[in-house]
>>> print(open('work36.cif').read())   # mmCIF, C-alpha atoms
data_data
loop_
_atom_site.label_atom_id
_atom_site.label_comp_id
_atom_site.auth_asym_id
_atom_site.auth_seq_id
_atom_site.Cartn_x
_atom_site.Cartn_y
_atom_site.Cartn_z
CA MET I 842 85.63 86.54 84.72
CA LEU I 843 85.58 90.26 85.51
CA PRO I 844 82.13 91.79 86.09
CA PHE I 845 82.60 94.66 83.60
CA PRO I 846 84.71 95.21 80.47
CA ARG I 847 87.10 98.13 80.11
CA SER I 848 84.64 99.76 77.71
CA ALA I 849 82.08 100.11 80.53
CA PHE I 850 84.48 102.36 82.45
CA GLU I 851 85.43 104.32 79.35
CA GLN I 852 81.75 104.94 78.59
CA ALA I 853 81.11 105.99 82.19
CA ARG I 854 83.99 108.44 82.04
CA ALA I 855 82.60 109.90 78.82
CA ARG I 856 79.20 110.43 80.49
CA MET I 857 80.86 112.49 83.23
CA GLY I 858 82.57 114.83 80.78
CA ASP I 859 84.55 117.77 82.06
CA PHE I 860 82.24 118.15 85.08
CA VAL I 861 84.19 115.38 86.82
CA TYR I 862 87.88 116.15 87.06
CA HIS I 863 90.67 113.81 85.99
CA THR I 864 92.50 114.13 89.31
CA PRO I 865 96.30 114.14 89.58
CA LEU I 866 98.55 111.21 90.42
CA LEU I 867 101.08 112.66 92.85
CA THR I 868 104.56 111.35 93.56
CA SER I 869 106.15 111.13 97.02
CA ARG I 870 109.89 110.61 97.23
CA LEU I 871 109.72 110.42 101.02
CA LEU I 872 106.98 107.79 101.10
CA SER I 873 108.76 105.78 98.42
CA GLU I 874 112.05 105.89 100.33
CA ARG I 875 110.39 104.95 103.61
CA THR I 876 108.50 101.97 102.20
CA GLY I 877 110.87 100.75 99.51
CA PHE I 878 108.15 100.97 96.86
CA ASP I 879 107.63 103.40 93.98
CA VAL I 880 104.57 105.14 95.40
CA ARG I 881 102.11 107.48 93.73
CA LEU I 882 98.92 108.90 95.19
CA LYS I 883 95.61 109.41 93.41
CA ALA I 884 94.46 112.72 94.87
CA GLU I 885 90.66 112.60 94.88
CA MET I 886 90.54 115.39 97.46
CA PHE I 887 90.92 117.64 94.42
CA GLN I 888 87.75 116.21 92.89
CA ARG I 889 84.58 118.27 92.63
CA GLY I 890 82.83 117.89 95.99
CA GLY I 891 86.09 116.90 97.67
CA SER I 892 85.99 113.15 97.01
CA TYR I 893 85.57 110.45 94.38
CA LYS I 894 81.90 110.08 95.32
CA ILE I 895 80.55 112.26 92.52
CA ARG I 896 81.66 109.74 89.89
CA GLY I 897 79.10 107.03 90.57
CA PRO I 898 76.05 109.31 90.73
CA MET I 899 77.10 111.10 87.56
CA ASN I 900 77.24 107.78 85.74
CA LYS I 901 73.91 106.59 87.16
CA PHE I 902 71.93 109.79 86.69
CA ALA I 903 72.89 109.94 83.03
CA GLN I 904 71.05 106.63 82.60
CA LEU I 905 67.84 107.37 84.56
CA THR I 906 64.52 107.53 82.73
CA GLU I 907 62.72 110.83 82.44
CA GLU I 908 60.09 109.55 84.89
CA GLN I 909 62.76 108.71 87.46
CA LYS I 910 64.31 112.13 87.05
CA ARG I 911 60.90 113.77 87.51
CA ARG I 912 60.20 111.89 90.76
CA GLY I 913 63.61 112.68 92.26
CA VAL I 914 66.28 110.63 93.98
CA ILE I 915 67.10 109.74 97.57
CA CYS I 916 70.16 108.31 99.27
CA SER I 917 71.69 107.71 102.68
CA SER I 918 75.24 108.72 103.42
CA ALA I 919 77.99 109.39 105.94
CA GLY I 920 78.74 112.53 103.99
CA ASN I 921 80.70 112.15 100.77
CA HIS I 922 78.04 110.13 98.92
CA ALA I 923 75.57 112.81 100.02
CA GLN I 924 77.64 115.53 98.42
CA GLY I 925 78.24 113.47 95.30
CA VAL I 926 74.52 112.81 94.86
CA ALA I 927 73.63 116.44 95.57
CA LEU I 928 76.16 117.76 93.04
CA ALA I 929 75.27 115.26 90.35
CA ALA I 930 71.55 115.79 90.87
CA ALA I 931 71.97 119.54 90.54
CA ARG I 932 73.96 119.01 87.35
CA HIS I 933 71.13 116.89 85.91
CA GLY I 934 68.31 119.08 87.25
CA ILE I 935 66.99 116.38 89.59
CA LYS I 936 65.54 116.85 93.09
CA ALA I 937 67.72 115.10 95.69
CA ILE I 938 66.91 114.05 99.27
CA VAL I 939 69.73 112.82 101.49
CA CYS I 940 69.31 110.90 104.77
CA MET I 941 72.32 111.30 107.06
CA ALA I 942 73.16 110.07 110.54
CA GLU I 943 72.57 112.67 113.24
CA ASN I 944 76.27 112.56 114.17
CA ALA I 945 77.51 113.10 110.61
CA THR I 946 80.30 115.64 110.18
CA PRO I 947 78.65 119.09 110.39
CA SER I 948 80.69 120.43 107.48
CA LYS I 949 79.44 117.58 105.27
CA ILE I 950 75.84 118.27 106.27
CA ALA I 951 76.28 121.96 105.46
CA ALA I 952 77.98 121.21 102.14
CA THR I 953 75.23 118.80 101.09
CA ARG I 954 72.58 121.43 101.77
CA ALA I 955 74.65 124.07 99.98
CA TYR I 956 74.72 121.86 96.87
CA GLY I 957 70.93 121.98 96.84
CA ALA I 958 69.82 118.72 98.45
CA GLU I 959 67.22 118.33 101.19
CA VAL I 960 68.89 116.74 104.23
CA ILE I 961 67.04 114.50 106.71
CA LEU I 962 68.96 113.51 109.86
CA HIS I 963 68.14 110.09 111.31
CA GLY I 964 69.92 107.56 113.54
CA THR I 965 73.55 107.37 114.61
CA ILE I 966 75.08 105.15 111.90
CA TRP I 967 74.67 104.83 108.14
CA ASP I 968 72.53 101.71 108.40
CA GLU I 969 69.85 103.55 110.39
CA ALA I 970 69.86 106.51 107.99
CA ASN I 971 69.55 103.98 105.17
CA ASP I 972 66.42 102.47 106.74
CA LYS I 973 64.86 105.94 106.73
CA ALA I 974 65.73 106.45 103.07
CA LYS I 975 64.09 103.14 102.12
CA GLN I 976 60.99 104.11 104.07
CA LEU I 977 60.70 107.32 102.04
CA VAL I 978 61.19 105.40 98.79
CA ALA I 979 58.13 103.33 99.66
CA GLU I 980 56.12 106.36 100.72
CA ARG I 981 57.04 108.87 97.99
CA GLY I 982 58.36 106.94 95.01
CA TYR I 983 61.86 108.36 94.90
CA THR I 984 64.60 106.48 93.06
CA TYR I 985 66.94 105.04 95.65
CA ILE I 986 70.66 105.64 95.06
CA HIS I 987 72.64 103.11 97.05
CA PRO I 988 75.99 104.46 98.30
CA PHE I 989 77.95 101.42 97.15
CA ASP I 990 75.95 98.33 96.11
CA ASP I 991 74.78 99.42 92.66
CA GLU I 992 76.39 98.34 89.37
CA GLN I 993 76.13 101.73 87.66
CA LEU I 994 77.57 103.36 90.76
CA ILE I 995 80.37 100.79 91.01
CA VAL I 996 81.32 101.37 87.38
CA GLY I 997 81.36 105.13 87.94
CA GLN I 998 83.62 104.82 90.97
CA GLY I 999 85.84 102.49 88.95
CA THR I 1000 86.84 105.38 86.70
CA VAL I 1001 89.35 106.24 89.45
CA GLY I 1002 91.18 103.06 88.49
CA LEU I 1003 90.83 103.77 84.77
CA GLU I 1004 92.49 107.16 85.25
CA ILE I 1005 95.32 105.65 87.28
CA TYR I 1006 96.04 103.21 84.47
CA GLN I 1007 95.79 105.92 81.82
CA ASP I 1008 98.34 108.03 83.71
CA TRP I 1009 100.60 105.18 84.85
CA ALA I 1010 100.21 102.00 82.81
CA GLU I 1011 103.19 100.54 84.68
CA VAL I 1012 101.24 100.39 87.98
CA GLU I 1013 101.55 96.98 89.63
CA LEU I 1014 99.59 97.35 92.89
CA ALA I 1015 96.74 99.58 94.07
CA ILE I 1016 95.83 100.13 97.72
CA VAL I 1017 92.22 101.20 98.29
CA PRO I 1018 90.16 102.05 101.41
CA ILE I 1019 86.99 100.03 102.05
CA GLY I 1020 83.74 101.25 103.57
CA GLY I 1021 80.87 99.51 101.80
CA GLY I 1022 83.11 98.35 98.97
CA GLY I 1023 81.95 100.40 95.99
CA LEU I 1024 85.28 102.08 95.29
CA ILE I 1025 87.45 98.98 95.58
CA SER I 1026 84.97 96.91 93.54
CA GLY I 1027 84.94 99.37 90.67
CA MET I 1028 88.66 100.06 90.80
CA THR I 1029 89.57 96.39 90.91
CA ALA I 1030 87.38 95.63 87.90
CA ALA I 1031 88.73 98.63 85.97
CA LEU I 1032 92.40 98.04 86.70
CA LYS I 1033 92.26 94.31 86.00
CA ALA I 1034 90.30 94.96 82.79
CA CYS I 1035 93.19 97.17 81.70
CA ASN I 1036 95.88 94.79 82.96
CA PRO I 1037 94.98 91.48 84.67
CA LYS I 1038 98.37 91.42 86.41
CA VAL I 1039 97.63 94.48 88.56
CA LYS I 1040 97.08 93.50 92.19
CA VAL I 1041 94.65 95.26 94.53
CA ILE I 1042 94.76 95.39 98.34
CA GLY I 1043 91.88 96.75 100.41
CA VAL I 1044 92.23 98.50 103.77
CA GLU I 1045 89.60 98.57 106.53
CA SER I 1046 89.45 99.89 110.07
CA SER I 1047 89.96 97.01 112.49
CA GLY I 1048 86.96 98.43 114.33
CA ALA I 1049 84.69 97.87 111.29
CA PRO I 1050 86.13 94.90 109.37
CA GLY I 1051 82.96 93.97 107.53
CA MET I 1052 84.58 93.01 104.23
CA THR I 1053 87.51 91.21 105.84
CA ARG I 1054 85.26 89.06 108.00
CA SER I 1055 82.87 88.36 105.13
CA VAL I 1056 85.67 87.18 102.85
CA ARG I 1057 87.29 85.15 105.62
CA GLU I 1058 84.03 83.44 106.58
CA GLY I 1059 82.81 82.97 103.01
CA ARG I 1060 79.50 84.72 103.62
CA LEU I 1061 78.14 88.24 103.94
CA VAL I 1062 78.57 89.21 107.60
CA THR I 1063 76.67 91.88 109.51
CA LEU I 1064 78.84 93.22 112.31
CA ASP I 1065 77.30 93.19 115.78
CA ARG I 1066 79.08 96.41 116.71
CA ILE I 1067 81.38 99.01 115.23
CA ASP I 1068 84.34 100.54 117.03
CA CYS I 1069 85.29 103.07 114.37
CA VAL I 1070 84.84 106.86 114.28
CA ILE I 1071 85.96 107.36 110.67
CA ASP I 1072 82.69 107.92 108.83
CA GLY I 1073 83.88 106.67 105.44
CA LEU I 1074 84.77 103.30 107.02
CA ARG I 1075 81.80 102.91 109.41
CA VAL I 1076 79.62 100.24 107.77
CA LYS I 1077 78.11 97.25 109.56
CA ARG I 1078 77.40 95.30 106.38
CA VAL I 1079 79.11 95.64 103.01
CA GLY I 1080 77.20 95.21 99.76
CA GLU I 1081 76.19 91.93 98.18
CA LYS I 1082 77.59 92.95 94.82
CA THR I 1083 80.72 94.50 96.29
CA TYR I 1084 81.38 91.45 98.46
CA GLU I 1085 81.27 89.13 95.46
CA ILE I 1086 83.64 91.30 93.42
CA VAL I 1087 86.07 91.65 96.31
CA ARG I 1088 85.87 87.94 97.17
CA GLN I 1089 86.66 86.93 93.61
CA HIS I 1090 89.09 89.58 92.45
CA VAL I 1091 90.79 91.51 95.27
CA ASP I 1092 94.19 90.06 96.13
CA ASP I 1093 94.39 90.85 99.86
CA LEU I 1094 92.68 92.71 102.71
CA VAL I 1095 94.36 94.33 105.71
CA THR I 1096 93.01 96.12 108.77
CA LEU I 1097 94.43 98.57 111.27
CA PRO I 1098 93.05 100.69 114.14
CA ASP I 1099 91.67 104.18 113.77
CA ALA I 1100 94.57 105.65 115.76
CA GLN I 1101 97.09 104.48 113.17
CA ILE I 1102 94.92 105.84 110.37
CA PHE I 1103 94.74 109.22 112.10
CA GLU I 1104 98.53 109.14 112.50
CA ALA I 1105 98.70 108.73 108.72
CA VAL I 1106 96.39 111.74 108.28
CA VAL I 1107 98.88 113.86 110.21
CA TRP I 1108 101.83 112.30 108.35
CA ILE I 1109 100.28 113.12 104.98
CA MET I 1110 99.45 116.67 106.03
CA THR I 1111 102.96 117.19 107.37
CA HIS I 1112 104.99 115.58 104.60
CA LEU I 1113 102.81 115.68 101.48
CA LYS I 1114 101.14 119.05 102.15
CA VAL I 1115 97.63 117.86 101.28
CA VAL I 1116 94.69 117.28 103.65
CA PRO I 1117 93.08 113.82 103.50
CA GLU I 1118 90.03 112.67 105.40
CA GLY I 1119 90.37 109.60 107.61
CA ALA I 1120 89.29 106.98 105.10
CA ALA I 1121 91.60 108.46 102.47
CA ALA I 1122 94.62 108.02 104.75
CA ALA I 1123 93.98 104.30 105.33
CA PRO I 1124 96.09 103.10 102.33
CA VAL I 1125 99.05 105.24 103.40
CA ALA I 1126 98.60 104.02 106.98
CA ALA I 1127 98.84 100.45 105.74
CA LEU I 1128 102.09 101.33 103.99
CA LEU I 1129 103.56 103.12 107.00
CA GLN I 1130 102.66 100.21 109.28
CA GLY I 1131 104.35 97.68 107.02
CA LEU I 1132 101.16 95.78 106.19
CA ILE I 1133 101.74 95.70 102.44
CA LYS I 1134 103.79 92.70 101.41
CA ALA I 1135 105.30 93.14 97.95
CA PRO I 1136 108.77 93.09 96.37
CA ALA I 1137 110.97 96.16 96.79
CA GLY I 1138 110.46 98.65 94.00
CA THR I 1139 106.87 97.61 93.31
CA ARG I 1140 104.96 100.41 91.60
CA VAL I 1141 102.16 101.22 94.06
CA ALA I 1142 99.16 103.55 93.66
CA CYS I 1143 97.49 104.69 96.88
CA VAL I 1144 93.99 106.11 96.58
CA LEU I 1145 93.52 109.26 98.65
CA SER I 1146 89.76 108.98 98.33
CA GLY I 1147 88.77 112.41 99.62
CA GLY I 1148 89.67 115.51 101.57
CA ASN I 1149 86.51 116.33 103.54
CA ALA I 1150 88.33 115.94 106.84
CA ASP I 1151 86.76 116.36 110.27
CA LEU I 1152 89.73 117.98 111.95
CA ASP I 1153 87.92 117.99 115.32
CA GLN I 1154 88.43 114.21 115.41
CA LEU I 1155 92.18 114.80 115.60
CA LYS I 1156 91.96 116.98 118.69
CA GLY I 1157 92.93 115.31 121.92
CA LEU I 1158 94.50 112.27 120.26
CA LYS I 1159 97.92 111.35 121.61
CA TRP I 1160 100.64 110.44 119.17
CA ASN I 1161 103.46 108.04 119.92
#
>>> encode(input="work36.cif", output="structure tokens")
Amino acid sequence: MLPFPRSAFEQARARMGDFVYHTPLLTSRLLSERTGFDVRLKAEMFQRGGSYKIRGPMNKFAQLTEEQKRRGVICSSAGNHAQGVALAAARHGIKAIVCMAENATPSKIAATRAYGAEVILHGTIWDEANDKAKQLVAERGYTYIHPFDDEQLIVGQGTVGLEIYQDWAEVELAIVPIGGGGLISGMTAALKACNPKVKVIGVESSGAPGMTRSVREGRLVTLDRIDCVIDGLRVKRVGEKTYEIVRQHVDDLVTLPDAQIFEAVVWIMTHLKVVPEGAAAAPVAALLQGLIKAPAGTRVACVLSGGNADLDQLKGLKWN
């Protein structure tokens, strides 16, 4: 049984109103010809804040109590969740504090502050920034906004899938990047609530395969180390809720190295004329590398999850 009905996603989308954009579903003749599929791309880089991450907070904040709004909210983030929380909090008139890793993308730090949030830098990975956020919850009584393992957040992120179905009811397969699992959990539930026959494939960095290992081993795994520089994919432990949804409802998981994902970033910029961040390019990378096994002509939606790219990461990389 799916965790949420279609009505949950429709209600979440209504809470967001016009503040959250219904982003376009782009076509790519070149990508379709190269892969043999009918490919379309959900362009969340055109979303407010530059990624899908505003959707979940907008859904959650609309359901906070007045006391929770008065106390303020706090989160930890690699960058996009930070901006989503900051934007949504400003929209709802709520104080927002964001804990970010010290090596977070400078442009994402600056953008989060520009949206009105207080930024606290701590640690070198999300998990360490998250520990700091939880410490401040205990000390100051903020409402903690998890970046992916929260049902209201998952439902909000799932509106990406609802929009894909609304624009292209014929979709047969969706390819979604995985960090902590919030996006793929919500999208899978939304798409399968609209049409149970839609298949979903998740893509991780092979240097941070937390969801893949967890599903394979049948338990929630904490990675000993991460060999991944793409901030949207750098998570040592996926969520308990997201793991269960993925384990039960996602059809397949694939992994590939950061270098191939960065090659896809350049390919998308060159051929599609849009700028994705690393995590957003992972679904296209999986297509280009031949990792998606489906019949020729399958109608495939790739989620370009955001466009807050750190172009400095591309410098010095050698392409084959």
>>> atom_distance(input="work36.cif", atom1="CA of Ala929 in chain I", atom2="CA of Val861 in chain I")
9.6 Å
>>> resolve_selection(input="work36.cif", expression="the PyMOL selection byres ((chain I and resi 862) around 12)", output="number ranges by chain")
I: 854-855, 857-861, 863-865, 884-896, 899, 1000-1001, 1004
>>> resolve_selection(input="work36.cif", expression="the PyMOL selection byres ((chain I and resi 1150) around 12)", output="MDAnalysis selection string")
chainID I and resid 886 891:892 920:921 945:949 1071:1073 1103 1106:1107 1110 1115:1122 1145:1149 1151:1155
>>> resolve_selection(input="work36.cif", expression="the PyMOL selection byres ((chain I and resi 1137) around 7)", output="ChimeraX atom specification")
/I:877-878,1135-1136,1138-1139
>>> atom_distance(input="work36.cif", atom1="CA of Cys1035 in chain I", atom2="CA of Leu1003 in chain I")
7.7 Å
>>> closest_atom_pairs(input="work36.cif", of="range 894-983 of chain I", to="range 1076-1083 of chain I", cutoff="9 Å", atoms="all atoms listed in the file", output="JSON lines")
{"residue": "I:Ile966", "atom": "CA", "partner": "I:Val1076", "partner_atom": "CA", "distance": 7.9}
{"residue": "I:Trp967", "atom": "CA", "partner": "I:Val1076", "partner_atom": "CA", "distance": 6.8}
{"residue": "I:Asp968", "atom": "CA", "partner": "I:Lys1077", "partner_atom": "CA", "distance": 7.2}
>>> closest_residue(input="work36.cif", among="I:Leu994, I:Val880, I:Met941, I:Ile915", to="Ala979 in chain I", atoms="all atoms listed in the file")
I:Ile915
>>> closest_residue(input="work36.cif", among="I:Ala930, I:Val1144, I:Leu1032, I:Ala1126", to="Leu843 in chain I", atoms="all atoms listed in the file")
I:Leu1032
>>> closest_residue(input="work36.cif", among="I:Arg847, I:Arg875, I:Arg1075, I:Arg1088", to="Gln1007 in chain I", atoms="all atoms listed in the file")
I:Arg847
>>> axis_aligned_box(input="work36.cif", around="range 907-916 of chain I", padding_each_side="3 Å", output="AutoDock Vina command-line options")
--center_x 65.1 --center_y 111.0 --center_z 90.9 --size_x 16.1 --size_y 11.5 --size_z 22.8
>>> closest_residue(input="work36.cif", among="I:Arg911, I:His987, I:Asp879, I:Phe845", to="Gly925 in chain I", atoms="all atoms listed in the file")
I:His987
>>> residues_around(input="work36.cif", residues="Val914 in chain I", least_positions_apart="2", cutoff="6 Å", atoms="only C-alpha atoms", output="mmCIF file with C-alpha atoms, in the frame of the given file")
data_model
loop_
_atom_site.group_PDB
_atom_site.id
_atom_site.type_symbol
_atom_site.label_atom_id
_atom_site.label_comp_id
_atom_site.auth_asym_id
_atom_site.auth_seq_id
_atom_site.Cartn_x
_atom_site.Cartn_y
_atom_site.Cartn_z
ATOM 1 C CA ALA I 937 67.720 115.100 95.690
ATOM 2 C CA TYR I 983 61.860 108.360 94.900
ATOM 3 C CA THR I 984 64.600 106.480 93.060
ATOM 4 C CA TYR I 985 66.940 105.040 95.650
#
>>> closest_atom_pairs(input="work36.cif", of="range 957-1006 of chain I", to="range 1016-1027 of chain I", cutoff="6 Å", atoms="only C-alpha atoms", output="CSV")
residue,atom,partner,partner_atom,distance
I:Phe989,CA,I:Gly1023,CA,4.3
I:Ile995,CA,I:Gly1027,CA,4.8
I:Val996,CA,I:Gly1027,CA,5.3
I:Gln998,CA,I:Leu1024,CA,5.4
I:Gly999,CA,I:Gly1027,CA,3.7
>>> build_atoms(input="work36.cif", residues="range 1038-1049 of chain I", atoms="all heavy atoms", output="mmCIF file, keeping the file's coordinate frame")
data_model
loop_
_atom_site.group_PDB
_atom_site.id
_atom_site.type_symbol
_atom_site.label_atom_id
_atom_site.label_comp_id
_atom_site.auth_asym_id
_atom_site.auth_seq_id
_atom_site.Cartn_x
_atom_site.Cartn_y
_atom_site.Cartn_z
ATOM 1 N N LYS I 1038 97.278 91.677 85.463
ATOM 2 C CA LYS I 1038 98.370 91.420 86.410
ATOM 3 C C LYS I 1038 98.407 92.411 87.560
ATOM 4 O O LYS I 1038 99.127 92.192 88.546
ATOM 5 C CB LYS I 1038 99.709 91.446 85.667
ATOM 6 C CG LYS I 1038 99.874 90.313 84.658
ATOM 7 C CD LYS I 1038 101.245 90.377 83.995
ATOM 8 C CE LYS I 1038 101.417 89.243 82.987
ATOM 9 N NZ LYS I 1038 102.756 89.287 82.332
ATOM 10 N N VAL I 1039 97.655 93.504 87.473
ATOM 11 C CA VAL I 1039 97.630 94.480 88.560
ATOM 12 C C VAL I 1039 96.987 93.854 89.790
ATOM 13 O O VAL I 1039 95.914 93.249 89.703
ATOM 14 C CB VAL I 1039 96.865 95.752 88.152
ATOM 15 C CG1 VAL I 1039 96.769 96.718 89.340
ATOM 16 C CG2 VAL I 1039 97.546 96.434 86.980
ATOM 17 N N LYS I 1040 97.631 94.007 90.943
ATOM 18 C CA LYS I 1040 97.080 93.500 92.190
ATOM 19 C C LYS I 1040 96.404 94.637 92.947
ATOM 20 O O LYS I 1040 96.782 95.803 92.821
ATOM 21 C CB LYS I 1040 98.178 92.870 93.049
ATOM 22 C CG LYS I 1040 98.802 91.624 92.421
ATOM 23 C CD LYS I 1040 99.775 90.967 93.366
ATOM 24 C CE LYS I 1040 100.415 89.735 92.725
ATOM 25 N NZ LYS I 1040 99.407 88.720 92.359
ATOM 26 N N VAL I 1041 95.389 94.265 93.746
ATOM 27 C CA VAL I 1041 94.650 95.260 94.530
ATOM 28 C C VAL I 1041 94.567 94.775 95.971
ATOM 29 O O VAL I 1041 94.234 93.608 96.226
ATOM 30 C CB VAL I 1041 93.237 95.486 93.965
ATOM 31 C CG1 VAL I 1041 92.497 96.522 94.815
ATOM 32 C CG2 VAL I 1041 93.303 95.937 92.508
ATOM 33 N N ILE I 1042 94.867 95.677 96.906
ATOM 34 C CA ILE I 1042 94.760 95.390 98.340
ATOM 35 C C ILE I 1042 93.797 96.396 98.955
ATOM 36 O O ILE I 1042 93.910 97.600 98.726
ATOM 37 C CB ILE I 1042 96.132 95.473 99.023
ATOM 38 C CG1 ILE I 1042 97.061 94.376 98.472
ATOM 39 C CG2 ILE I 1042 95.992 95.332 100.542
ATOM 40 C CD1 ILE I 1042 98.468 94.429 99.048
ATOM 41 N N GLY I 1043 92.845 95.899 99.727
ATOM 42 C CA GLY I 1043 91.880 96.750 100.410
ATOM 43 C C GLY I 1043 92.267 96.971 101.856
ATOM 44 O O GLY I 1043 92.856 96.096 102.496
ATOM 45 N N VAL I 1044 91.906 98.146 102.394
ATOM 46 C CA VAL I 1044 92.230 98.500 103.770
ATOM 47 C C VAL I 1044 90.950 98.890 104.506
ATOM 48 O O VAL I 1044 90.187 99.744 104.043
ATOM 49 C CB VAL I 1044 93.227 99.672 103.835
ATOM 50 C CG1 VAL I 1044 93.645 99.930 105.281
ATOM 51 C CG2 VAL I 1044 94.448 99.404 102.962
ATOM 52 N N GLU I 1045 90.731 98.257 105.667
ATOM 53 C CA GLU I 1045 89.600 98.570 106.530
ATOM 54 C C GLU I 1045 90.088 98.989 107.907
ATOM 55 O O GLU I 1045 91.195 98.641 108.323
ATOM 56 C CB GLU I 1045 88.691 97.352 106.701
ATOM 57 C CG GLU I 1045 87.870 96.993 105.495
ATOM 58 C CD GLU I 1045 86.868 95.890 105.801
ATOM 59 O OE1 GLU I 1045 87.303 94.767 106.152
ATOM 60 O OE2 GLU I 1045 85.668 96.146 105.697
ATOM 61 N N SER I 1046 89.227 99.677 108.638
ATOM 62 C CA SER I 1046 89.450 99.890 110.070
ATOM 63 C C SER I 1046 89.252 98.556 110.781
ATOM 64 O O SER I 1046 88.294 97.824 110.491
ATOM 65 C CB SER I 1046 88.473 100.916 110.615
ATOM 66 O OG SER I 1046 88.477 100.897 112.039
ATOM 67 N N SER I 1047 90.136 98.239 111.718
ATOM 68 C CA SER I 1047 89.960 97.010 112.490
ATOM 69 C C SER I 1047 88.743 97.084 113.389
ATOM 70 O O SER I 1047 88.285 96.051 113.893
ATOM 71 C CB SER I 1047 91.220 96.730 113.325
ATOM 72 O OG SER I 1047 91.545 97.837 114.148
ATOM 73 N N GLY I 1048 88.181 98.290 113.558
ATOM 74 C CA GLY I 1048 86.960 98.430 114.330
ATOM 75 C C GLY I 1048 85.692 98.252 113.503
ATOM 76 O O GLY I 1048 84.587 98.253 114.044
ATOM 77 N N ALA I 1049 85.841 98.097 112.187
ATOM 78 C CA ALA I 1049 84.690 97.870 111.290
ATOM 79 C C ALA I 1049 85.132 96.996 110.127
ATOM 80 O O ALA I 1049 85.072 97.414 108.969
ATOM 81 C CB ALA I 1049 84.130 99.203 110.805
#
